[in-house]
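What follows is input.cif (mmCIF, C-alpha atoms).
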data_coords
#
loop_
_atom_site.label_atom_id
_atom_site.label_comp_id
_atom_site.auth_asym_id
_atom_site.auth_seq_id
_atom_site.Cartn_x
_atom_site.Cartn_y
_atom_site.Cartn_z
CA MET A 1 -19.91 -11.48 8.52
CA TYR A 2 -16.15 -11.20 8.86
CA ALA A 3 -15.84 -14.49 10.74
CA ALA A 4 -17.86 -16.19 8.02
CA GLY A 5 -15.66 -14.64 5.35
CA ALA A 6 -12.52 -15.75 7.16
CA HIS A 7 -13.81 -19.30 7.60
CA LEU A 8 -14.91 -19.64 4.01
CA TYR A 9 -11.73 -18.14 2.63
CA SER A 10 -9.45 -20.35 4.70
CA ASP A 11 -11.37 -23.41 3.52
CA PHE A 12 -11.42 -22.22 -0.06
CA VAL A 13 -7.75 -21.38 -0.68
CA PRO A 14 -6.39 -24.95 -0.43
CA LEU A 15 -8.93 -26.07 -3.04
CA LEU A 16 -8.10 -23.42 -5.62
CA ASN A 17 -5.79 -25.71 -7.56
CA LYS A 18 -8.39 -28.46 -7.62
CA THR A 19 -11.47 -26.59 -8.75
CA THR A 20 -12.23 -23.56 -10.89
CA SER A 21 -15.99 -23.50 -10.53
CA ALA A 22 -16.04 -20.69 -7.96
CA ALA A 23 -13.65 -18.61 -10.02
CA SER A 24 -15.66 -19.04 -13.20
CA ARG A 25 -19.09 -18.25 -11.78
CA ALA A 26 -20.73 -15.11 -13.05
CA THR A 27 -20.18 -12.23 -10.65
CA PRO A 28 -23.32 -10.24 -9.66
CA PRO A 29 -23.39 -6.78 -11.31
CA ALA A 30 -23.42 -5.00 -7.93
CA LEU A 31 -20.15 -6.69 -6.96
CA VAL A 32 -18.63 -5.75 -10.30
CA ARG A 33 -19.59 -2.10 -9.81
CA LEU A 34 -18.22 -2.18 -6.26
CA ARG A 35 -14.95 -3.66 -7.48
CA VAL A 36 -14.61 -0.91 -10.10
CA ALA A 37 -15.33 1.87 -7.58
CA LEU A 38 -12.80 0.51 -5.08
CA THR A 39 -10.22 0.04 -7.82
CA VAL A 40 -10.56 3.73 -8.72
CA PHE A 41 -9.89 4.76 -5.11
CA PHE A 42 -6.82 2.51 -4.89
CA ALA A 43 -5.50 4.03 -8.13
CA LEU A 44 -6.19 7.56 -6.89
CA ASP A 45 -4.32 6.85 -3.66
CA GLY A 46 -1.24 5.69 -5.55
CA PHE A 47 -1.45 8.58 -8.03
CA ILE A 48 -1.54 11.29 -5.38
CA PHE A 49 1.10 9.66 -3.17
CA ALA A 50 3.51 9.27 -6.10
CA GLY A 51 2.86 12.85 -7.19
CA TRP A 52 4.06 13.93 -3.76
CA VAL A 53 7.13 11.72 -3.52
CA VAL A 54 8.63 12.74 -6.86
CA ARG A 55 8.62 16.37 -5.69
CA ILE A 56 10.39 15.61 -2.41
CA PRO A 57 13.82 16.64 -3.77
CA ALA A 58 12.38 20.04 -4.78
CA ILE A 59 10.63 20.44 -1.42
CA LYS A 60 13.89 19.50 0.34
CA GLU A 61 15.72 22.25 -1.55
CA GLN A 62 12.92 24.74 -0.89
CA THR A 63 12.99 24.16 2.86
CA GLY A 64 16.79 23.92 3.08
CA ALA A 65 16.49 20.72 5.12
CA SER A 66 19.35 18.28 5.65
CA ALA A 67 18.79 14.55 5.12
CA SER A 68 18.05 14.05 8.84
CA ASP A 69 15.81 17.14 8.98
CA LEU A 70 13.86 15.86 6.00
CA GLY A 71 13.60 12.48 7.68
CA LEU A 72 12.08 14.10 10.76
CA ALA A 73 9.63 16.06 8.61
CA LEU A 74 8.58 12.88 6.81
CA LEU A 75 7.92 11.40 10.23
CA GLY A 76 4.86 13.69 10.25
CA VAL A 77 3.30 11.50 7.57
CA SER A 78 4.07 8.44 9.67
CA ALA A 79 2.63 9.87 12.87
CA GLY A 80 -0.55 11.13 11.23
CA ALA A 81 -1.14 7.85 9.43
CA VAL A 82 -0.47 5.49 12.34
CA ILE A 83 -2.70 7.46 14.71
CA THR A 84 -5.52 7.64 12.19
CA MET A 85 -5.34 3.99 11.17
CA THR A 86 -6.38 2.76 14.60
CA LEU A 87 -9.23 5.24 14.71
CA THR A 88 -10.36 4.41 11.18
CA GLY A 89 -10.99 0.78 12.06
CA ARG A 90 -13.49 1.93 14.68
CA LEU A 91 -15.07 4.43 12.30
CA CYS A 92 -15.53 1.69 9.70
CA ARG A 93 -17.31 -0.52 12.21
CA ARG A 94 -19.61 2.35 13.23
CA PHE A 95 -20.33 4.15 9.96
CA GLY A 96 -19.25 1.62 7.35
CA SER A 97 -16.12 1.44 5.23
CA HIS A 98 -17.70 3.09 2.18
CA PRO A 99 -18.52 6.51 3.74
CA VAL A 100 -15.15 6.60 5.51
CA THR A 101 -13.36 5.87 2.22
CA VAL A 102 -15.14 8.77 0.52
CA ALA A 103 -14.48 11.19 3.39
CA CYS A 104 -10.76 10.40 3.36
CA GLY A 105 -10.83 10.60 -0.43
CA VAL A 106 -11.79 14.26 -0.06
CA LEU A 107 -9.27 15.09 2.66
CA MET A 108 -6.26 13.51 0.98
CA PRO A 109 -6.19 15.63 -2.23
CA LEU A 110 -6.88 18.76 -0.20
CA SER A 111 -3.92 18.07 2.07
CA ILE A 112 -1.47 17.34 -0.76
CA ALA A 113 -1.52 21.03 -1.75
CA LEU A 114 0.01 22.09 1.58
CA PRO A 115 3.70 20.92 1.48
CA PRO A 116 4.82 23.41 -1.25
CA LEU A 117 3.58 26.27 0.94
CA THR A 118 6.14 25.50 3.66
CA HIS A 119 9.65 26.95 4.01
CA SER A 120 11.11 25.02 6.94
CA ALA A 121 11.42 21.38 8.00
CA LEU A 122 9.21 22.08 11.03
CA SER A 123 6.32 23.55 9.04
CA LEU A 124 6.67 20.76 6.48
CA GLY A 125 6.37 18.15 9.20
CA LEU A 126 3.24 19.80 10.58
CA VAL A 127 1.36 19.86 7.29
CA LEU A 128 2.48 16.30 6.58
CA LEU A 129 0.63 15.27 9.74
CA VAL A 130 -2.60 16.21 7.96
CA PHE A 131 -1.61 14.42 4.76
CA GLY A 132 -0.58 11.36 6.76
CA ALA A 133 -3.92 11.27 8.58
CA ALA A 134 -5.83 11.27 5.29
CA TYR A 135 -3.48 8.75 3.70
CA GLY A 136 -3.69 6.34 6.63
CA GLY A 137 -7.46 6.67 6.89
CA ILE A 138 -8.22 5.95 3.26
CA ASN A 139 -5.93 2.92 3.21
CA VAL A 140 -7.64 1.25 6.16
CA ALA A 141 -11.13 2.11 4.91
CA MET A 142 -10.71 0.93 1.33
CA ASN A 143 -8.79 -2.20 2.38
CA SER A 144 -11.63 -3.05 4.78
CA ALA A 145 -14.14 -2.66 1.95
CA ALA A 146 -11.94 -4.80 -0.29
CA VAL A 147 -11.74 -7.57 2.33
CA ASP A 148 -15.56 -7.71 2.38
CA LEU A 149 -15.59 -8.04 -1.39
CA VAL A 150 -12.91 -10.77 -1.40
CA ALA A 151 -15.01 -12.80 1.03
CA ALA A 152 -18.16 -12.31 -1.05
CA MET A 153 -16.50 -13.21 -4.36
CA ARG A 154 -14.49 -16.06 -2.81
CA ARG A 155 -11.46 -15.37 -5.00
CA PRO A 156 -8.04 -13.99 -3.95
CA ILE A 157 -8.52 -10.71 -5.85
CA MET A 158 -6.81 -8.49 -3.28
CA PRO A 159 -3.65 -8.10 -5.40
CA SER A 160 -5.72 -6.53 -8.19
CA PHE A 161 -6.66 -3.60 -5.93
CA HIS A 162 -3.05 -3.05 -4.96
CA ALA A 163 -2.14 -3.33 -8.65
CA ALA A 164 -4.38 -0.31 -9.18
CA PHE A 165 -2.46 1.50 -6.41
CA SER A 166 0.82 0.68 -8.13
CA LEU A 167 -0.52 1.68 -11.53
CA GLY A 168 -1.68 4.97 -10.09
CA GLY A 169 1.77 5.41 -8.56
CA MET A 170 3.44 4.69 -11.87
CA VAL A 171 1.29 7.25 -13.69
CA GLY A 172 1.74 9.81 -10.93
CA ALA A 173 5.50 9.36 -10.86
CA GLY A 174 5.78 9.37 -14.64
CA LEU A 175 3.74 12.55 -14.89
CA GLY A 176 5.82 14.14 -12.14
CA GLY A 177 9.03 13.23 -13.96
CA LEU A 178 7.77 14.81 -17.18
CA ILE A 179 6.77 18.11 -15.61
CA ALA A 180 9.42 18.34 -12.86
CA GLY A 181 11.56 20.72 -14.88
CA SER A 182 8.77 22.95 -16.16
CA LEU A 183 6.15 23.18 -13.42
CA SER A 184 6.67 24.29 -9.83
CA PRO A 185 5.77 21.92 -6.98
CA THR A 186 3.00 24.32 -5.94
CA ARG A 187 1.22 24.19 -9.29
CA HIS A 188 1.87 20.48 -9.72
CA LEU A 189 0.42 19.45 -6.36
CA LEU A 190 -2.48 21.88 -6.67
CA GLY A 191 -3.31 20.17 -9.96
CA LEU A 192 -3.34 16.85 -8.10
CA THR A 193 -5.81 18.36 -5.64
CA VAL A 194 -8.22 19.26 -8.43
CA ILE A 195 -7.89 15.84 -10.09
CA GLY A 196 -8.35 14.05 -6.77
CA LEU A 197 -11.52 15.93 -5.87
CA ILE A 198 -13.05 15.29 -9.28
CA VAL A 199 -12.29 11.56 -9.15
CA THR A 200 -13.60 11.30 -5.58
CA ALA A 201 -16.83 13.05 -6.57
CA VAL A 202 -17.46 10.54 -9.35
CA ALA A 203 -16.23 7.30 -7.73
CA GLY A 204 -17.46 8.30 -4.27
CA ARG A 205 -21.00 8.81 -5.51
CA ALA A 206 -20.97 5.28 -6.94
CA LEU A 207 -19.45 3.80 -3.80
CA LEU A 208 -22.00 5.42 -1.48
CA ARG A 209 -24.83 3.94 -3.52
CA LEU A 210 -23.51 0.40 -3.06
CA ASP A 211 -24.04 -1.54 0.15
CA PRO A 212 -21.22 -3.69 1.56
CA PRO A 213 -21.59 -7.23 0.15
CA ALA A 214 -23.35 -9.85 2.22
CA PRO A 215 -21.53 -13.05 3.23
CA PRO A 216 -21.54 -15.83 0.61
CA SER A 217 -24.97 -17.40 0.31
CA ASP A 218 -23.69 -20.84 1.24
CA ALA A 219 -22.22 -19.67 4.53
CA HIS A 220 -23.04 -21.91 7.45
CA ARG A 221 -25.45 -20.39 9.93
CA GLU A 222 -23.22 -21.05 12.87
CA ASP A 223 -20.39 -19.20 11.13
CA SER A 224 -22.38 -16.05 10.44
CA ALA A 225 -22.08 -14.56 13.92
CA PRO A 226 -18.93 -12.69 14.84
CA ARG A 227 -16.65 -14.76 17.01
CA ARG A 228 -14.53 -13.48 19.85
CA LEU A 229 -10.91 -13.18 18.85
CA ASP A 230 -8.64 -15.48 20.82
CA SER A 231 -4.96 -14.93 21.51
CA ARG A 232 -3.89 -17.16 18.63
CA THR A 233 -5.94 -15.12 16.14
CA ARG A 234 -4.57 -11.86 17.48
CA GLY A 235 -1.07 -13.30 17.22
CA LEU A 236 -1.65 -14.30 13.59
CA VAL A 237 -2.93 -10.82 12.78
CA ILE A 238 0.25 -9.33 14.26
CA VAL A 239 2.40 -11.79 12.29
CA PHE A 240 0.70 -10.75 9.05
CA GLY A 241 1.20 -7.14 10.09
CA LEU A 242 4.92 -7.74 10.63
CA ILE A 243 5.22 -9.31 7.18
CA ALA A 244 3.48 -6.25 5.74
CA LEU A 245 5.82 -3.97 7.71
CA CYS A 246 8.97 -5.61 6.40
CA THR A 247 7.91 -5.25 2.77
CA ALA A 248 6.19 -1.87 3.00
CA PHE A 249 9.37 -0.44 4.50
CA GLY A 250 10.97 -1.00 1.12
CA GLU A 251 8.12 0.59 -0.80
CA GLY A 252 8.29 3.72 1.32
CA ALA A 253 12.08 3.87 1.12
CA LEU A 254 12.11 3.66 -2.66
CA ALA A 255 9.30 6.16 -2.97
CA ASP A 256 11.01 8.83 -0.90
CA TRP A 257 14.71 8.13 -1.43
CA GLY A 258 14.97 6.26 -4.75
CA ALA A 259 15.00 9.39 -6.89
CA LEU A 260 17.47 11.11 -4.59
CA HIS A 261 19.79 8.07 -4.68
CA LEU A 262 19.83 8.06 -8.48
CA GLU A 263 20.34 11.81 -8.71
CA GLN A 264 22.82 12.26 -5.86
CA ASP A 265 24.87 9.06 -5.92
CA LEU A 266 24.71 8.12 -9.62
CA ASN A 267 24.45 11.60 -11.15
CA ALA A 268 21.19 10.88 -12.97
CA HIS A 269 19.22 13.69 -14.63
CA PRO A 270 16.23 14.76 -12.46
CA GLY A 271 13.77 13.41 -15.04
CA LEU A 272 15.55 10.04 -15.20
CA ALA A 273 15.83 9.95 -11.42
CA ALA A 274 12.06 10.44 -11.12
CA ALA A 275 11.62 7.52 -13.52
CA GLY A 276 13.24 5.24 -10.95
CA TYR A 277 10.05 5.04 -8.92
CA SER A 278 8.11 4.52 -12.17
CA CYS A 279 10.22 1.42 -12.92
CA PHE A 280 9.57 0.12 -9.43
CA ALA A 281 5.83 0.88 -9.65
CA LEU A 282 5.52 -0.66 -13.14
CA ALA A 283 7.16 -3.89 -12.01
CA MET A 284 4.97 -3.99 -8.93
CA THR A 285 1.88 -3.39 -11.06
CA ILE A 286 2.77 -6.28 -13.37
CA GLY A 287 3.39 -8.54 -10.39
CA ARG A 288 0.08 -7.62 -8.77
CA LEU A 289 -1.94 -7.97 -11.96
CA SER A 290 -0.79 -11.59 -12.07
CA GLY A 291 -1.19 -11.98 -8.29
CA THR A 292 -4.62 -13.64 -8.32
CA THR A 293 -3.47 -16.27 -10.81
CA LEU A 294 -0.25 -16.90 -8.90
CA LEU A 295 -2.10 -17.28 -5.60
CA GLU A 296 -4.59 -19.71 -7.14
CA ARG A 297 -1.80 -21.84 -8.62
CA LEU A 298 0.98 -21.61 -6.04
CA GLY A 299 -0.63 -20.63 -2.73
CA GLN A 300 0.39 -18.04 -0.18
CA THR A 301 3.61 -19.44 1.29
CA PRO A 302 5.52 -19.69 -2.03
CA ILE A 303 4.43 -16.15 -2.88
CA LEU A 304 5.70 -14.82 0.47
CA VAL A 305 9.01 -16.72 0.41
CA ALA A 306 9.88 -16.26 -3.25
CA GLY A 307 8.74 -12.65 -3.26
CA GLY A 308 10.79 -11.69 -0.21
CA THR A 309 13.89 -13.42 -1.55
CA LEU A 310 13.57 -11.79 -4.98
CA ALA A 311 13.03 -8.36 -3.43
CA ALA A 312 16.11 -8.74 -1.23
CA ALA A 313 18.31 -9.57 -4.23
CA GLY A 314 16.83 -6.76 -6.30
CA MET A 315 17.35 -4.15 -3.61
CA LEU A 316 20.98 -5.12 -3.09
CA LEU A 317 21.48 -4.51 -6.80
CA GLY A 318 19.52 -1.24 -6.74
CA ALA A 319 21.41 0.15 -3.76
CA LEU A 320 24.95 -0.92 -4.68
CA ALA A 321 24.92 -0.82 -8.50
CA PRO A 322 27.63 1.39 -10.04
CA SER A 323 25.41 2.66 -12.87
CA VAL A 324 21.95 4.18 -13.22
CA TRP A 325 20.64 1.46 -15.52
CA LEU A 326 21.67 -1.38 -13.21
CA ALA A 327 20.07 0.46 -10.31
CA LEU A 328 16.83 0.83 -12.31
CA LEU A 329 16.93 -2.91 -13.01
CA GLY A 330 17.36 -3.55 -9.30
CA PHE A 331 14.37 -1.31 -8.52
CA ALA A 332 12.26 -3.27 -11.03
CA ILE A 333 13.26 -6.64 -9.53
CA THR A 334 12.44 -5.32 -6.08
CA GLY A 335 9.00 -4.26 -7.29
CA LEU A 336 8.28 -7.73 -8.68
CA GLY A 337 9.33 -9.34 -5.42
CA LEU A 338 7.34 -7.08 -3.11
CA ALA A 339 4.26 -6.99 -5.34
CA ASN A 340 1.95 -9.49 -3.68
CA ILE A 341 3.32 -9.82 -0.15
CA PHE A 342 1.60 -6.77 1.31
CA PRO A 343 -1.90 -7.40 -0.14
CA VAL A 344 -1.80 -11.05 0.97
CA ALA A 345 -0.84 -10.05 4.51
CA VAL A 346 -3.51 -7.35 4.85
CA GLU A 347 -6.25 -9.51 3.30
CA ARG A 348 -5.54 -12.44 5.63
CA ALA A 349 -5.55 -10.17 8.67
CA GLY A 350 -8.89 -8.71 7.56
CA ALA A 351 -10.36 -12.14 6.88
CA LEU A 352 -9.42 -13.18 10.42
CA ALA A 353 -10.58 -10.09 12.32
CA GLY A 354 -12.54 -7.73 10.03
CA PRO A 355 -11.79 -3.97 10.14
CA SER A 356 -9.82 -4.44 13.35
CA GLY A 357 -7.53 -6.91 11.61
CA VAL A 358 -7.12 -4.60 8.63
CA ALA A 359 -6.39 -1.69 10.97
CA THR A 360 -3.79 -3.66 12.93
CA ALA A 361 -2.00 -5.04 9.87
CA SER A 362 -2.27 -1.71 8.05
CA THR A 363 -0.92 0.18 11.04
CA LEU A 364 2.11 -2.11 11.12
CA GLY A 365 2.41 -2.32 7.34
CA TYR A 366 1.89 1.29 6.40
CA GLY A 367 3.80 2.22 9.53
CA GLY A 368 6.74 0.42 7.93
CA MET A 369 6.14 2.28 4.68
CA LEU A 370 6.01 5.62 6.42
CA LEU A 371 8.68 5.02 9.06
CA GLY A 372 11.06 3.69 6.41
CA PRO A 373 11.87 7.09 4.83
CA PRO A 374 12.91 8.83 8.07
CA ALA A 375 14.86 5.75 9.12
CA ILE A 376 16.68 5.80 5.79
CA GLY A 377 17.39 9.51 6.32
CA PHE A 378 19.08 8.92 9.66
CA MET A 379 21.07 5.96 8.35
CA ALA A 380 22.12 8.03 5.32
CA ASP A 381 23.55 10.68 7.66
CA TRP A 382 25.31 8.05 9.78
CA PHE A 383 26.66 6.01 6.85
CA THR A 384 25.77 6.65 3.19
CA LEU A 385 22.47 6.55 1.31
CA PRO A 386 23.36 3.38 -0.66
CA THR A 387 24.27 1.62 2.58
CA ALA A 388 21.05 2.80 4.19
CA LEU A 389 19.01 1.40 1.29
CA THR A 390 20.44 -2.09 1.87
CA SER A 391 18.22 -2.22 4.98
CA VAL A 392 15.34 -2.74 2.55
CA ALA A 393 16.96 -5.98 1.40
CA VAL A 394 17.43 -7.14 4.99
CA LEU A 395 13.77 -6.64 5.87
CA ALA A 396 12.54 -8.24 2.64
CA GLY A 397 14.59 -11.30 3.50
CA LEU A 398 13.13 -11.25 7.01
CA ALA A 399 9.60 -11.22 5.54
CA ALA A 400 10.46 -14.30 3.49
CA LEU A 401 11.80 -16.02 6.61
CA ILE A 402 8.68 -15.20 8.65
CA GLY A 403 6.46 -16.40 5.82
CA TYR A 404 8.31 -19.72 5.69
CA THR A 405 8.46 -20.34 9.45
CA THR A 406 4.72 -19.63 9.86
CA ARG A 407 3.65 -21.67 6.81
CA ARG A 408 1.64 -24.06 8.94
#
In structure tokens, what does this structure look like?
Amino acid sequence: MYAAGAHLYSDFVPLLNKTTSAASRATPPALVRLRVALTVFFALDGFIFAGWVVRIPAIKEQTGASASDLGLALLGVSAGAVITMTLTGRLCRRFGSHPVTVACGVLMPLSIALPPLTHSALSLGLVLLVFGAAYGGINVAMNSAAVDLVAAMRRPIMPSFHAAFSLGGMVGAGLGGLIAGSLSPTRHLLGLTVIGLIVTAVAGRALLRLDPPAPPSDAHREDSAPRRLDSRTRGLVIVFGLIALCTAFGEGALADWGALHLEQDLNAHPGLAAAGYSCFALAMTIGRLSGTTLLERLGQTPILVAGGTLAAAGMLLGALAPSVWLALLGFAITGLGLANIFPVAVERAGALAGPSGVATASTLGYGGMLLGPPAIGFMADWFTLPTALTSVAVLAGLAALIGYTTRR
């Protein structure tokens, strides 16, 4: 099924500018319902993750951790996620991506209530292992399910799912900014647990009732059997994973350190500082909502190159700006640039190698997102936080360069 999807998709993309018949065909109701259910899980993932990151400054103060200690604690999220991502690819092949998505959708909101109960960097890191495991698992599982749907619908709709993640992040960060001064982290994150379990109960029930989509009906018989991955295919999967890593590093860095940069270096009010991630998430949401149209009209290489270049320029402004409002503008430009690079990279890896491809690219990509914050913490201790954040611009530029050099 995955080989067929990969073959069909690779043949289909170059023709998107020449024909609109596939895009305009009526979508079967089951695929529409599946798309809605998966979109809800992507939005929930972003909502819960953003709810956590906007309370990091309060958790840092509660635990009395230094920047480097906090970076080590955040490494717990990275370790839990990276370990689980590899395992989740195997679980998806054995049990299916839908049940694994629902299971992780239960674990993630339960684990988000744990960080406010800690009072040291060590205990924080330990509970973040659990949160990271759930976060990594749900991202591999739901991206694998989304890759199946992209192949069945034969349209580059992957950015729309990641737009839901960004929209959820924007809402979660905005809500966190509003209640940061009046509600304790414990009550805030416990509220996210309740919301997450309710949403999972509703969307998960729908998802479990829907079977993974079959390959497109016009798939060639000889393409329907899984093919053995050769070294070139594995190499391409790793390349897409590296592109995802370079851009996701920036998303993780802004999520965990953006608010602290605005508050600490530019003397922003805590509520305004929390809005920094909202600006980033809003811009990313807008970019991803237009991602399908942009991919159909421009193709993948221009999206990768232009997006990486734009993100690099935006992050230089966000990190080095002398005022809060210029920094917020830089965050927004960075969000627009990064918007569609990650979903394109993960979708292509999944189209080439199924859940294994998604797991590999996600491990590299989300590894970059989760390893970025502790790396920024160490660099902030060695240099300054603004200087550390310029590393985001460097990696975004590197993603653009890789995208250009591998265009053929």
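Atom to atom, CA of Val237 in chain A and CA of Phe342 in chain A stand 13.0 Å apart.
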Identify all residues satisfying the PyMOL selection byres ((chain A and resi 355-364) around 7) in the given file; provide them as a list in words. Val82, Met85, Thr86, Gly89, Cys92, Arg93, Val140, Asn143, Ser144, Val237, Ile238, Phe240, Gly241, Leu242, Ala244, Leu245, Val346, Ala349, Gly350, Leu352, Ala353, Gly354, Gly365, Tyr366, Gly367 and Gly368 of chain A
Exactly which residues make up the result of the PyMOL selection byres ((chain A and resi 172) around 9) on this file, given as a PyMOL selection string? chain A and resi 46-52+54+167-171+173-177+278
Between CA of Ala81 in chain A and CA of Gly307 in chain A, what is the distance, to one decimal in Å?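 Value for the CA of Ala81 in chain A-CA of Gly307 in chain A distance: 26.1 Å.
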Can I get the residues of range 306-338 of chain A within 7 Å of range 394-408 of chain A, each with the closest pair of atoms and their distance in Å to one decimal, using all atoms listed in the file, sorted chain first then ascending number, as a tab-separated table?
residue	atom	partner	partner_atom	distance
A:Gly308	CA	A:Ala400	CA	4.5
A:Thr309	CA	A:Gly397	CA	5.5
A:Ala311	CA	A:Ala396	CA	6.1
A:Ala312	CA	A:Ala396	CA	5.3
Residues within 8 Å of (12.9, 6.6, 8.4), file coordinates, counting all atoms listed in the file: what are they? Give the list as a list in words.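 The requested residues, written out, are Gly71, Leu72, Leu74, Leu75, Ala253, Leu370, Leu371, Gly372, Pro373, Pro374, Ala375, Ile376, Gly377 and Phe378 of chain A.
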Pull out every residue that the PyMOL selection byres ((chain A and resi 134) around 9) matches in the shown coordinates and put them as a PyMOL selection string. chain A and resi 80-81+84+103-109+111+129-133+135-139
Work out how far CA of Phe161 in chain A is from CA of Val199 in chain A, in Å to one decimal.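 That distance, rounded to one decimal, is 16.5 Å.
Here the question is which of A:Leu110, A:Ile198, A:Ala283, A:Leu266 gets nearest to Leu385 in chain A using only C-alpha atoms, and that residue is A:Leu266.
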Pick out the residues sitting within 8 Å of Ala332 in chain A, and hand them over as a ChimeraX atom specification; count all atoms listed in the file, and ignore anything fewer than 5 positions along from it in its own chain. /A:279-284,314
Residues of range 127-155 of chain A that have any atom at most 12 Å from an atom of range 289-305 of chain A: could you tabulate them with the shortest-distance atom pair and the distance in Å to one decimal, using all atoms listed in the file, ordered by chain and increasing number, as a Markdown table?
| residue | atom | partner | partner_atom | distance |
| --- | --- | --- | --- | --- |
| A:Val150 | CA | A:Thr292 | CA | 11.2 |
| A:Arg154 | CA | A:Glu296 | CA | 11.4 |
| A:Arg155 | CA | A:Thr292 | CA | 7.8 |
Looking at only C-alpha atoms, which of A:Ala319, A:Ala30, A:Thr387, A:Ala380 is the one that sits closest to Met153 in chain A?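 Checking each of A:Ala319, A:Ala30, A:Thr387, A:Ala380 against Met153 in chain A, counting only C-alpha atoms, the winner is A:Ala30.
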